[in-house]
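Worksheet: the structure to be examined is printed underneath.
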Amino acid sequence: MSNILIQNYQKVASSIPKDVTLVAVSKTKPKEDISVLYNEGQRVFGENRIEELVEKSQALPSDIEWHMIGHLQSKKVKKIAPFISLIHSIDSLKLLNEVNKEAKKNERIIDCLLQFHIAEEDSKYGFNEKEGTALLQSSEFKEMENIRIVGVMGMATFTENQDQIKTEFETLIQIREKIKELLPKATEISMGMSGDYTLAIQQGSTMVRIGSTIFGHRN
Ligand SMILES: *Cc1c(COP(=O)(O)O)cnc(C)c1O
């Protein structure tokens with residue numbers, strides 16, 4: 001089993017340019033699988049459930065960079081604030097406030113991405129461009145000293161239609177350009193998953209979140 005995992009990983013990792021960050025999405029997968037990839041040199045792992053993330057982070061090496069990629073409830077921020085290295089899924093001012101507060105308690109600055117809604121489906125979380133830029137211009141945001149917005153994140157519609165995915169990725173890139181006018185250091189674009197990461201990289205993604213192509217299908 002671990003041979004297949006290593007093969008999958010090496011295939012994916014070698015297809016990604018060096019300046020693009022590979023987030024290995026290990027949600028639902030056992031710690032043993034993470035250890036296998038750790039031994040191959042992978043250090044960045046993405047999870048979407050707090051309890052699982054905390055448990056894995058406590059059991060696995062401390063130089064792993066844990067990324068929270070799923071919807072985050074404000075009341076759970078305190079559990080990950082001591083160690084999280086990037087939160088991809090900031091989707092409200094309330095949540096960002098909470099992250100700032102908990103980061104302060106831990107004497108840290110926590111890197112965050114603003115999540116934008118670019119897909120057709122309305123089930124997915126995220127800001128639209130207007131909401132995101134309004135947040136960055138608010139006085140509340142300007143007073144937050146323990147968070148750093150380093151870029152944007154988005155998920156394209158789950159479809160075979162490459163043109164549609166491309167259009168949605170372009171939307172996210174345009175949003176990032178607007179965001180950069182307000183925050184020049186917000187350069188990251190987290191876009192691309194197993195089904196669409198090649199396209200995402202062609203379009204300018206700086207961070208891809210890949211689960212099933214590496215770890216196999218989830219139940
Ligand atoms: C699960 C998940 C991924 C990875 O999905 P795959 O299709 O398995 O690569 C990426 N991003 C987010 C936000 C996810 O929840």
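Please note that chains go A, B, ... in the order of the structure tokens, that every chain numbers its residues from 1, and that ligands are numbered from 1 in the order shown.
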Within 7 Å of ligand 1 (counting only C-alpha atoms and all ligand atoms), which residues show up? I'd like them as JSON, numbers by chain. {"A": [25, 27, 48, 69, 70, 155, 193, 194, 195, 209, 210, 211, 212, 213]}
Could you please write out, as a ChimeraX atom specification, every residue of region 60-168 of chain A that DSSP assigns to helix (DSSP H, G or I)? /A:74-80,93-105,129-137,139-142,162-168
If DSSP is run on the backbone, what residues of region 86-206 of chain A are strand (DSSP E)? A reply as a ChimeraX atom specification would be ideal. /A:86-90,110-116,147-154,188-190
Would you mind telling me which residue in A:Ile175, A:Leu95, A:Ile84, A:Ser138 lies nearest to His117 (chain A) when using only C-alpha atoms?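 Nearest to His117 (chain A): A:Ile175.
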Which neighbours of Val54 (chain A) fall inside 10 Å, counting only C-alpha atoms, when residues of the same chain fewer than 5 positions from it are skipped, and could you give them as a list in words?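 The filter keeps Glu47, Arg49, Ala59, Trp66, Lys79, Ile80, Phe83 and Ile84 of chain A.
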Between CA of Tyr9 (chain A) and CA of Val44 (chain A), measure the distance and give it in Å to one decimal.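 So the two atoms, CA of Tyr9 (chain A) and CA of Val44 (chain A), lie 12.7 Å apart.
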Residues within 12 Å of Leu199 (chain A), only C-alpha atoms, excluding chain neighbours under 5 positions, as a ChimeraX atom specification: /A:16,156,161-170,191-194,204-205,208
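Here CA of Gln174 (chain A) is placed at a distance of 11.4 Å from CA of Phe116 (chain A).
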Between CA of Phe45 (chain A) and CA of Met207 (chain A) - distance in Å to one decimal: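 Taking CA of Met207 (chain A) as the start and CA of Phe45 (chain A) as the end point, the length is 11.8 Å.
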I need the residue nearest Ile149 (chain A) from this list: A:Ala134, A:Ile90, A:Ile118, A:Ala103. Use only C-alpha atoms for the distance.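 Ranking A:Ala134, A:Ile90, A:Ile118, A:Ala103 by distance to Ile149 (chain A), first place goes to A:Ile90.
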Nearest to Met153 (chain A): which of A:Lys78, A:His217, A:Arg176, A:Lys29 is it, counting only C-alpha atoms? A:Arg176
Polymer residues at most 9 Å from His88 (chain A), only C-alpha atoms, same-chain spacing of 2 or more positions, as a PyMOL selection string: chain A and resi 67-71+86+90+111-115+151-154+190
Find the spatial neighbours of Gln137 (chain A), counting only C-alpha atoms, within a cut-off of 9 Å - ignore same-chain residues fewer than 5 positions away - and output them as a PyMOL selection string. chain A and resi 132+142+182
Restricting the output to N, CA, C and O atoms, write the selected residues as a PDB file, in the first residue's frame.
ATOM      1  N   GLY A 132     -15.027  41.148   0.005  1.00  0.00           N
ATOM      2  CA  GLY A 132     -13.623  40.965   0.381  1.00  0.00           C
ATOM      3  C   GLY A 132     -12.868  42.281   0.447  1.00  0.00           C
ATOM      4  O   GLY A 132     -12.129  42.543   1.408  1.00  0.00           O
ATOM      5  N   LYS A 142      -8.124  46.937   9.921  1.00  0.00           N
ATOM      6  CA  LYS A 142      -6.855  47.675  10.042  1.00  0.00           C
ATOM      7  C   LYS A 142      -6.274  47.621  11.445  1.00  0.00           C
ATOM      8  O   LYS A 142      -5.076  47.812  11.644  1.00  0.00           O
ATOM      9  N   LEU A 182      -4.676  46.690  -2.452  1.00  0.00           N
ATOM     10  CA  LEU A 182      -4.876  47.087  -1.059  1.00  0.00           C
ATOM     11  C   LEU A 182      -3.793  46.509  -0.148  1.00  0.00           C
ATOM     12  O   LEU A 182      -3.397  47.125   0.839  1.00  0.00           O
TER      13      LEU A 182
END
